[in-house]
>>> print(open('structure-v8.cif').read())   # mmCIF, C-alpha atoms
data_query
loop_
_atom_site.label_atom_id
_atom_site.label_comp_id
_atom_site.auth_asym_id
_atom_site.auth_seq_id
_atom_site.Cartn_x
_atom_site.Cartn_y
_atom_site.Cartn_z
CA MET A 1 204.05 -36.44 113.42
CA ALA A 2 200.31 -36.84 113.66
CA LYS A 3 197.92 -33.92 113.89
CA PHE A 4 194.63 -34.99 115.35
CA VAL A 5 191.52 -33.20 114.20
CA ARG A 6 187.78 -33.65 114.42
CA VAL A 7 185.20 -33.02 111.74
CA ILE A 8 181.57 -32.32 112.64
CA ASP A 9 179.08 -32.50 109.80
CA THR A 10 176.25 -30.12 110.67
CA LYS A 11 174.31 -31.39 107.68
CA ARG A 12 174.18 -34.86 109.25
CA CYS A 13 173.81 -33.84 112.90
CA MET A 14 170.23 -34.20 114.13
CA GLY A 15 170.85 -32.72 117.57
CA CYS A 16 170.30 -35.93 119.55
CA ARG A 17 173.01 -34.97 122.07
CA ALA A 18 174.40 -38.49 122.34
CA CYS A 19 177.86 -36.90 122.07
CA VAL A 20 177.05 -34.57 124.95
CA ALA A 21 175.81 -37.41 127.17
CA ALA A 22 178.76 -39.63 126.30
CA CYS A 23 181.20 -36.85 127.10
CA ALA A 24 179.47 -36.20 130.42
CA VAL A 25 180.03 -39.77 131.56
CA GLU A 26 183.48 -40.22 130.04
CA ASN A 27 184.82 -36.99 131.48
CA TYR A 28 183.06 -36.82 134.86
CA TYR A 29 181.12 -33.63 134.21
CA VAL A 30 180.31 -31.39 137.12
CA PRO A 31 177.20 -29.18 136.86
CA ASP A 32 178.88 -25.89 135.98
CA ALA A 33 181.50 -27.10 133.54
CA PRO A 34 180.27 -29.04 130.52
CA TRP A 35 182.92 -29.81 127.91
CA ASN A 36 180.58 -30.39 124.97
CA VAL A 37 177.46 -28.36 124.32
CA MET A 38 174.88 -28.59 121.55
CA MET A 39 173.98 -25.25 120.01
CA GLU A 40 170.84 -24.98 117.94
CA TYR A 41 169.20 -22.22 115.97
CA GLU A 42 166.77 -21.75 113.12
CA VAL A 43 167.58 -20.49 109.65
CA GLY A 44 165.41 -19.44 106.73
CA THR A 45 162.13 -17.61 106.43
CA PHE A 46 158.76 -19.19 107.14
CA PRO A 47 157.64 -21.55 105.71
CA ASN A 48 161.09 -22.52 104.46
CA VAL A 49 162.81 -22.90 107.81
CA ARG A 50 165.01 -25.54 109.35
CA LYS A 51 167.06 -26.06 112.44
CA VAL A 52 170.85 -26.15 112.54
CA PHE A 53 172.61 -28.17 115.24
CA THR A 54 176.23 -27.47 116.05
CA ALA A 55 178.07 -29.36 118.76
CA MET A 56 180.66 -27.12 120.38
CA ASN A 57 183.71 -28.37 122.23
CA CYS A 58 187.33 -27.25 122.47
CA MET A 59 188.76 -26.42 119.06
CA HIS A 60 192.34 -27.29 120.14
CA CYS A 61 193.55 -24.33 118.11
CA GLU A 62 196.94 -24.27 116.49
CA HIS A 63 197.34 -20.77 117.90
CA PRO A 64 195.33 -21.05 121.12
CA SER A 65 194.31 -17.67 122.51
CA CYS A 66 193.64 -19.26 125.91
CA LYS A 67 197.28 -20.33 126.16
CA ALA A 68 198.49 -16.93 124.98
CA ALA A 69 196.49 -15.19 127.71
CA CYS A 70 197.54 -17.68 130.38
CA ASP A 71 201.20 -17.31 129.41
CA ALA A 72 200.93 -13.51 129.27
CA ILE A 73 199.99 -13.32 132.94
CA GLY A 74 202.71 -15.78 133.90
CA VAL A 75 200.46 -18.63 135.04
CA LYS A 76 201.36 -21.01 132.20
CA ALA A 77 198.74 -23.60 133.10
CA ILE A 78 197.79 -24.30 129.49
CA SER A 79 199.93 -26.34 127.13
CA LYS A 80 199.67 -27.66 123.60
CA ASN A 81 201.33 -31.03 123.20
CA ARG A 82 203.06 -32.57 120.19
CA PHE A 83 199.79 -34.10 118.97
CA GLY A 84 198.10 -30.71 118.94
CA VAL A 85 196.01 -31.30 122.06
CA VAL A 86 195.50 -28.25 124.27
CA LEU A 87 195.39 -29.19 127.95
CA ILE A 88 194.89 -27.31 131.22
CA ASP A 89 197.01 -28.23 134.24
CA TYR A 90 194.56 -28.00 137.15
CA ASP A 91 197.40 -27.77 139.66
CA LYS A 92 198.75 -24.62 138.01
CA CYS A 93 195.40 -22.98 137.13
CA ILE A 94 194.53 -20.09 139.44
CA GLY A 95 190.94 -19.76 138.22
CA CYS A 96 191.34 -16.19 136.96
CA GLY A 97 189.04 -16.79 133.99
CA TYR A 98 191.28 -15.06 131.43
CA CYS A 99 191.26 -18.12 129.17
CA ALA A 100 187.46 -18.14 129.12
CA ALA A 101 187.39 -14.41 128.43
CA VAL A 102 189.60 -14.52 125.35
CA CYS A 103 188.47 -17.78 123.72
CA PRO A 104 186.45 -16.86 120.59
CA TYR A 105 184.41 -20.02 121.09
CA GLY A 106 183.78 -19.54 124.83
CA VAL A 107 185.22 -22.97 125.53
CA PRO A 108 186.98 -22.94 128.93
CA GLN A 109 184.48 -23.43 131.73
CA MET A 110 185.07 -22.32 135.29
CA ASN A 111 184.40 -25.16 137.67
CA THR A 112 182.70 -23.40 140.57
CA ARG A 113 181.62 -26.52 142.49
CA VAL A 114 182.37 -30.21 142.50
CA ALA A 115 178.93 -31.75 142.88
CA PRO A 116 176.93 -34.66 141.45
CA LEU A 117 175.83 -33.96 137.90
CA VAL A 118 172.22 -34.89 138.53
CA PRO A 119 170.72 -32.93 141.45
CA GLY A 120 169.19 -34.98 144.23
CA LYS A 121 170.52 -38.31 143.01
CA GLY A 122 173.59 -38.45 145.23
CA GLY A 123 175.95 -39.19 142.39
CA VAL A 124 176.03 -42.08 139.98
CA ALA A 125 178.53 -44.94 140.07
CA TYR A 126 181.30 -43.35 138.02
CA GLU A 127 181.21 -40.22 140.15
CA ALA A 128 182.16 -42.34 143.16
CA ILE A 129 185.54 -43.18 141.64
CA PRO A 130 188.08 -41.30 143.80
CA ALA A 131 190.15 -38.57 142.20
CA SER A 132 193.37 -40.45 142.87
CA GLU A 133 192.19 -43.29 140.63
CA ARG A 134 191.20 -41.01 137.77
CA HIS A 135 193.29 -39.64 134.93
CA PRO A 136 194.73 -36.21 135.86
CA THR A 137 192.36 -34.52 133.41
CA HIS A 138 189.43 -35.94 135.44
CA ARG A 139 190.56 -34.87 138.90
CA LYS A 140 187.96 -32.19 139.45
CA LYS A 141 188.90 -29.13 141.45
CA VAL A 142 186.94 -26.07 142.45
CA LYS A 143 187.89 -22.72 140.89
CA VAL A 144 189.86 -24.05 137.98
CA ALA A 145 189.14 -23.91 134.26
CA GLU A 146 188.16 -27.12 132.47
CA LYS A 147 187.49 -28.03 128.89
CA CYS A 148 187.44 -30.82 126.34
CA THR A 149 190.76 -32.67 126.08
CA PHE A 150 190.05 -34.59 122.84
CA CYS A 151 189.78 -37.48 125.35
CA TRP A 152 193.51 -37.20 125.94
CA HIS A 153 193.34 -40.12 128.41
CA LYS A 154 192.49 -42.33 125.43
CA LEU A 155 194.96 -40.82 122.97
CA GLU A 156 197.70 -41.05 125.58
CA ARG A 157 196.94 -44.74 126.03
CA ALA A 158 197.13 -45.30 122.28
CA VAL A 159 200.56 -43.70 122.18
CA ALA A 160 201.70 -45.76 125.18
CA ASP A 161 200.40 -48.96 123.57
CA GLY A 162 202.09 -48.15 120.27
CA LYS A 163 198.67 -48.05 118.63
CA GLN A 164 198.71 -44.50 117.39
CA ASP A 165 197.52 -45.68 114.00
CA ARG A 166 194.33 -46.98 115.64
CA ILE A 167 193.26 -43.55 116.92
CA GLY A 168 189.91 -42.69 115.36
CA LYS A 169 189.33 -46.36 114.56
CA ASP A 170 189.37 -48.36 117.81
CA GLN A 171 186.92 -47.71 120.61
CA ALA A 172 189.63 -47.59 123.27
CA TYR A 173 191.65 -45.00 121.40
CA THR A 174 188.96 -42.68 120.02
CA PRO A 175 187.22 -39.76 121.76
CA THR A 176 183.94 -41.04 123.15
CA CYS A 177 181.76 -38.34 121.61
CA ASP A 178 182.93 -39.41 118.17
CA LEU A 179 182.14 -43.07 118.88
CA VAL A 180 178.50 -42.67 119.81
CA CYS A 181 177.20 -40.48 117.00
CA PRO A 182 174.32 -42.43 115.39
CA THR A 183 174.53 -40.47 112.13
CA GLN A 184 178.32 -40.55 111.77
CA ALA A 185 178.32 -36.78 111.86
CA ARG A 186 181.57 -36.81 113.84
CA VAL A 187 184.91 -38.12 112.62
CA PHE A 188 188.25 -38.05 114.43
CA GLY A 189 191.68 -38.83 113.07
CA ASP A 190 195.04 -37.76 111.75
CA LEU A 191 195.02 -34.85 109.31
CA ASP A 192 198.64 -35.52 108.40
CA ASP A 193 197.57 -38.84 106.89
CA PRO A 194 196.12 -38.00 103.45
CA ASN A 195 194.24 -41.29 103.41
CA SER A 196 192.55 -40.84 106.77
CA THR A 197 188.79 -40.42 106.92
CA VAL A 198 189.11 -36.91 108.36
CA SER A 199 191.39 -35.81 105.53
CA ARG A 200 188.95 -37.13 102.96
CA VAL A 201 185.88 -35.65 104.63
CA ILE A 202 187.51 -32.23 105.00
CA GLY A 203 188.47 -32.26 101.34
CA ASP A 204 185.36 -33.82 99.86
CA LYS A 205 182.85 -31.86 101.91
CA ARG A 206 184.79 -28.61 102.09
CA ALA A 207 184.79 -28.61 105.86
CA THR A 208 185.90 -25.36 107.43
CA GLN A 209 186.94 -23.85 110.73
CA LEU A 210 184.70 -21.53 112.71
CA LYS A 211 185.52 -17.84 113.18
CA LYS A 212 188.60 -17.84 110.99
CA GLU A 213 188.94 -14.09 111.47
CA PHE A 214 190.47 -14.74 114.90
CA GLY A 215 193.42 -16.54 113.32
CA THR A 216 193.39 -19.28 115.92
CA ARG A 217 193.32 -22.11 113.33
CA PRO A 218 191.06 -24.60 115.10
CA GLN A 219 191.67 -28.33 114.81
CA VAL A 220 187.94 -28.94 114.77
CA TYR A 221 186.38 -28.60 111.34
CA TYR A 222 182.73 -28.20 110.48
CA VAL A 223 180.80 -29.17 107.39
CA LEU A 224 178.43 -26.24 107.00
CA GLU A 225 175.55 -25.55 104.66
CA GLY A 226 177.15 -23.81 101.70
CA GLY A 227 180.61 -25.22 102.32
CA ASP A 228 183.69 -23.19 103.18
CA TYR A 229 183.45 -19.44 103.34
CA MET B 1 183.52 21.64 101.80
CA LYS B 2 186.38 23.36 103.60
CA THR B 3 184.69 22.69 106.94
CA LEU B 4 184.26 19.05 106.03
CA LEU B 5 187.94 18.70 105.11
CA ILE B 6 189.00 20.29 108.38
CA ALA B 7 186.67 17.99 110.31
CA VAL B 8 188.08 14.92 108.53
CA ALA B 9 191.66 16.07 109.16
CA LEU B 10 190.94 16.71 112.83
CA GLY B 11 189.23 13.31 113.11
CA ALA B 12 192.23 11.57 111.58
CA LEU B 13 194.57 13.39 113.93
CA ALA B 14 192.43 12.51 116.94
CA GLY B 15 192.24 8.86 115.84
CA GLY B 16 196.00 8.71 115.43
CA ALA B 17 196.54 10.29 118.81
CA PHE B 18 194.11 7.79 120.39
CA ALA B 19 195.95 4.87 118.78
CA ALA B 20 199.30 6.26 119.90
CA GLY B 21 197.84 6.71 123.37
CA LEU B 22 196.72 3.09 123.42
CA ASP B 23 200.16 1.91 122.34
CA ASP B 24 201.76 3.93 125.08
CA THR B 25 199.25 2.77 127.70
CA ALA B 26 199.70 -0.88 126.71
CA ASP B 27 203.49 -0.57 126.85
CA ARG B 28 203.36 1.06 130.27
CA ILE B 29 200.97 -1.58 131.62
CA ARG B 30 203.29 -4.34 130.40
CA ALA B 31 206.30 -2.50 131.85
CA GLY B 32 204.51 -2.17 135.16
CA THR B 33 204.72 1.62 135.29
CA ILE B 34 200.92 1.88 135.35
CA ASP B 35 199.50 0.24 138.43
CA VAL B 36 196.66 -2.08 137.44
CA GLY B 37 196.78 -4.25 140.54
CA LYS B 38 197.75 -7.87 140.92
CA ASN B 39 194.35 -9.47 141.45
CA LEU B 40 194.01 -11.72 138.41
CA SER B 41 190.29 -12.23 138.14
CA MET B 42 187.30 -11.14 136.11
CA ALA B 43 185.77 -9.25 139.04
CA ALA B 44 184.85 -5.64 138.31
CA ASP B 45 187.51 -4.29 140.66
CA ALA B 46 190.29 -6.66 139.59
CA ARG B 47 193.14 -6.24 137.12
CA TYR B 48 191.22 -7.22 133.96
CA HIS B 49 188.52 -4.60 134.34
CA THR B 50 190.97 -2.05 135.75
CA ILE B 51 192.95 -2.25 132.51
CA HIS B 52 190.01 -2.19 130.12
CA ALA B 53 187.49 0.04 131.86
CA GLU B 54 189.65 2.34 133.95
CA LYS B 55 193.00 2.70 132.20
CA VAL B 56 191.93 2.24 128.56
CA GLY B 57 188.57 3.86 129.20
CA LEU B 58 186.24 1.42 127.47
CA GLY B 59 182.58 1.80 128.40
CA CYS B 60 180.65 -1.30 129.52
CA THR B 61 178.70 -1.52 126.29
CA THR B 62 181.86 -1.51 124.18
CA CYS B 63 182.30 -5.18 125.11
CA HIS B 64 179.06 -6.28 126.76
CA VAL B 65 176.11 -6.84 124.45
CA SER B 66 172.49 -7.44 125.30
CA GLY B 67 172.45 -10.72 123.39
CA PHE B 68 173.96 -12.58 120.47
CA PRO B 69 172.43 -13.32 117.09
CA ALA B 70 170.94 -16.81 116.87
CA ASP B 71 173.77 -18.17 114.76
CA TYR B 72 176.57 -16.77 116.92
CA LEU B 73 178.51 -19.83 118.00
CA LEU B 74 179.76 -19.40 121.54
CA LEU B 75 179.61 -22.34 123.89
CA ARG B 76 176.97 -21.72 126.58
CA LYS B 77 175.90 -18.42 125.04
CA ASP B 78 172.35 -19.19 126.06
CA ASP B 79 173.16 -19.50 129.75
CA ARG B 80 171.33 -17.07 131.96
CA LEU B 81 173.79 -14.59 133.46
CA PRO B 82 173.56 -13.37 137.05
CA GLU B 83 171.50 -10.20 137.54
CA SER B 84 174.59 -8.09 138.20
CA GLN B 85 176.22 -8.99 134.87
CA PRO B 86 175.88 -6.29 132.21
CA GLY B 87 175.62 -8.92 129.45
CA PRO B 88 177.75 -11.36 127.50
CA VAL B 89 180.88 -10.22 125.71
CA ASP B 90 181.29 -10.26 121.95
CA ARG B 91 184.86 -11.55 121.44
CA ALA B 92 185.04 -9.76 118.11
CA VAL B 93 185.65 -6.57 120.09
CA CYS B 94 188.88 -8.04 121.50
CA LEU B 95 190.27 -8.50 117.99
CA GLY B 96 190.77 -4.77 117.46
CA CYS B 97 193.57 -4.53 119.99
CA HIS B 98 194.64 -8.12 120.71
CA SER B 99 195.39 -9.29 117.18
CA GLN B 100 198.80 -9.09 115.56
CA ASP B 101 200.01 -5.49 115.16
CA GLY B 102 197.42 -4.31 117.67
CA PRO B 103 198.53 -2.23 120.65
CA ALA B 104 197.69 -4.85 123.27
CA THR B 105 199.27 -8.21 124.03
CA THR B 106 198.67 -10.52 121.06
CA PHE B 107 196.15 -13.27 121.76
CA TYR B 108 194.95 -13.95 118.22
CA GLY B 109 196.82 -15.16 115.17
CA PRO B 110 200.19 -16.81 114.56
CA ALA B 111 202.00 -14.35 116.83
CA ALA B 112 199.78 -15.19 119.82
CA GLY B 113 201.85 -15.88 122.88
CA LYS B 114 205.11 -15.03 121.13
#
>>> encode(input="structure-v8.cif", output="structure tokens")
Amino acid sequence: MAKFVRVIDTKRCMGCRACVAACAVENYYVPDAPWNVMMEYEVGTFPNVRKVFTAMNCMHCEHPSCKAACDAIGVKAISKNRFGVVLIDYDKCIGCGYCAAVCPYGVPQMNTRVAPLVPGKGGVAYEAIPASERHPTHRKKVKVAEKCTFCWHKLERAVADGKQDRIGKDQAYTPTCDLVCPTQARVFGDLDDPNSTVSRVIGDKRATQLKKEFGTRPQVYYVLEGGDY
Amino acid sequence: MKTLLIAVALGALAGGAFAAGLDDTADRIRAGTIDVGKNLSMAADARYHTIHAEKVGLGCTTCHVSGFPADYLLLRKDDRLPESQPGPVDRAVCLGCHSQDGPATTFYGPAAGK
């Protein structure tokens, strides 16, 4: 069984936000619910300072706290599938916000309005695609939680096409944010394959998970200054 | 010295009683014998805040902070909150009760959701 993970190398990331823009188009962002956000902050003491860029999206945790909270209140709108992808069922979600409240990474976003992403532009071409013709993860609804799906619509297609081995390699089967990075700071693939690029990068660069103290075991790894901690 | 020892002993007893009280409160909330309402929302008068603020007795500033350190990685932490919001919430506070072996429902760690 494959376990899909992402590695983000913060030492290579230059904060260009190509991944954010690509995700916005691929996943039909609405104004209040971005799935991928670039965090930036400064480290060091003047004059030896530099900026750190960290792209944040869903960590697809092995022990997702969002799912635990959703299950605890009996809503059960969040699932984790056999490939490790955590998904929200918009038809079951009641918009209570519990998932957003418990996530250590603040990932789930409450969609408060379905509106064009760019104000005053009336919507761009892809926004005109009717919900019925979109993948279920792109059928926007008001008052539901949304988040990154690891581009499940692409991974699902790879599985259906029998091309699971091409995930992380072919454009059609790889999350869009990982495709567009100009510095190759993002890698996506199967951690269960010891020869995959993600396995090698995690090992060679000592990539780590964020906020390990929460015990959620994220499936997104980060290469940080100083290595693992 | 004797006074100090008595104070420490009393503190330990009070801490233990508080923890036992939390266990009992959490059990009774889960059993439904404490009424916390059925409105599942983050609104101040809904179930979430009824449990934490009213029944458990946490003050606003136990969870809400005035701001995060620069390197605190929380998606959209820099968003401006509405005027009525007391501030963002540091999730580290949740760990105390919602991790494995804590009194509240487990949300963090391998036992989450079990």
>>> residues_near_point(input="structure-v8.cif", point="(181.1, -22.4, 139.4)", cutoff="9 Å", atoms="only C-alpha atoms", output="PyMOL selection string")
chain A and resi 31-33+109-114+142-143
>>> residues_around(input="structure-v8.cif", residues="Ser199 of chain A", least_positions_apart="2", cutoff="10 Å", atoms="only C-alpha atoms", output="VMD selection string")
chain A and resid 5 to 7 187 to 197 201 to 204 207
>>> atom_distance(input="structure-v8.cif", atom1="atom CA of Val20 of chain A", atom2="atom CA of Ile94 of chain A")
26.9 Å
>>> interface_residues(input="structure-v8.cif", of="chain B", to="chain A", cutoff="10 Å", atoms="all atoms listed in the file", output="ChimeraX atom specification")
/B:30,38-43,46,48,69-78,89-92,94-95,98-100,105-114
>>> resolve_selection(input="structure-v8.cif", expression="the PyMOL selection byres ((chain A and resi 155) around 8)", output="list in words")
Phe150, Cys151, Trp152, His153, Lys154, Glu156, Arg157, Ala158, Val159, Gln164, Ile167, Tyr173, Thr174 and Pro175 of chain A
>>> resolve_selection(input="structure-v8.cif", expression="the PyMOL selection byres ((chain A and resi 139) around 10)", output="JSON list (two decimals) with C-alpha atoms, in the frame of the given file")
[["chain", "number", "residue", "atom", "x", "y", "z"],
["A", 27, "ASN", "CA", 184.82, -36.99, 131.48],
["A", 28, "TYR", "CA", 183.06, -36.82, 134.86],
["A", 90, "TYR", "CA", 194.56, -28.00, 137.15],
["A", 91, "ASP", "CA", 197.40, -27.77, 139.66],
["A", 130, "PRO", "CA", 188.08, -41.30, 143.80],
["A", 131, "ALA", "CA", 190.15, -38.57, 142.20],
["A", 132, "SER", "CA", 193.37, -40.45, 142.87],
["A", 133, "GLU", "CA", 192.19, -43.29, 140.63],
["A", 134, "ARG", "CA", 191.20, -41.01, 137.77],
["A", 135, "HIS", "CA", 193.29, -39.64, 134.93],
["A", 136, "PRO", "CA", 194.73, -36.21, 135.86],
["A", 137, "THR", "CA", 192.36, -34.52, 133.41],
["A", 138, "HIS", "CA", 189.43, -35.94, 135.44],
["A", 140, "LYS", "CA", 187.96, -32.19, 139.45],
["A", 141, "LYS", "CA", 188.90, -29.13, 141.45]]
>>> atom_distance(input="structure-v8.cif", atom1="atom CA of Lys3 of chain A", atom2="atom CA of Phe83 of chain A")
5.4 Å
>>> resolve_selection(input="structure-v8.cif", expression="the PyMOL selection byres ((chain A and resi 9) around 9)", output="list of chain:residue names")
A:Val7, A:Ile8, A:Thr10, A:Lys11, A:Arg12, A:Cys13, A:Thr54, A:Gln184, A:Ala185, A:Arg186, A:Val187, A:Lys205, A:Ala207, A:Tyr221, A:Tyr222, A:Val223, A:Leu224
>>> axis_aligned_box(input="structure-v8.cif", around="segment 101-105 of chain B", padding_each_side="3 Å", output="AutoDock Vina command-line options")
--center_x 198.7 --center_y -5.2 --center_z 119.6 --size_x 8.6 --size_y 12.0 --size_z 14.9
>>> atom_distance(input="structure-v8.cif", atom1="atom CA of Gly21 of chain B", atom2="atom CA of Cys60 of chain B")
19.9 Å
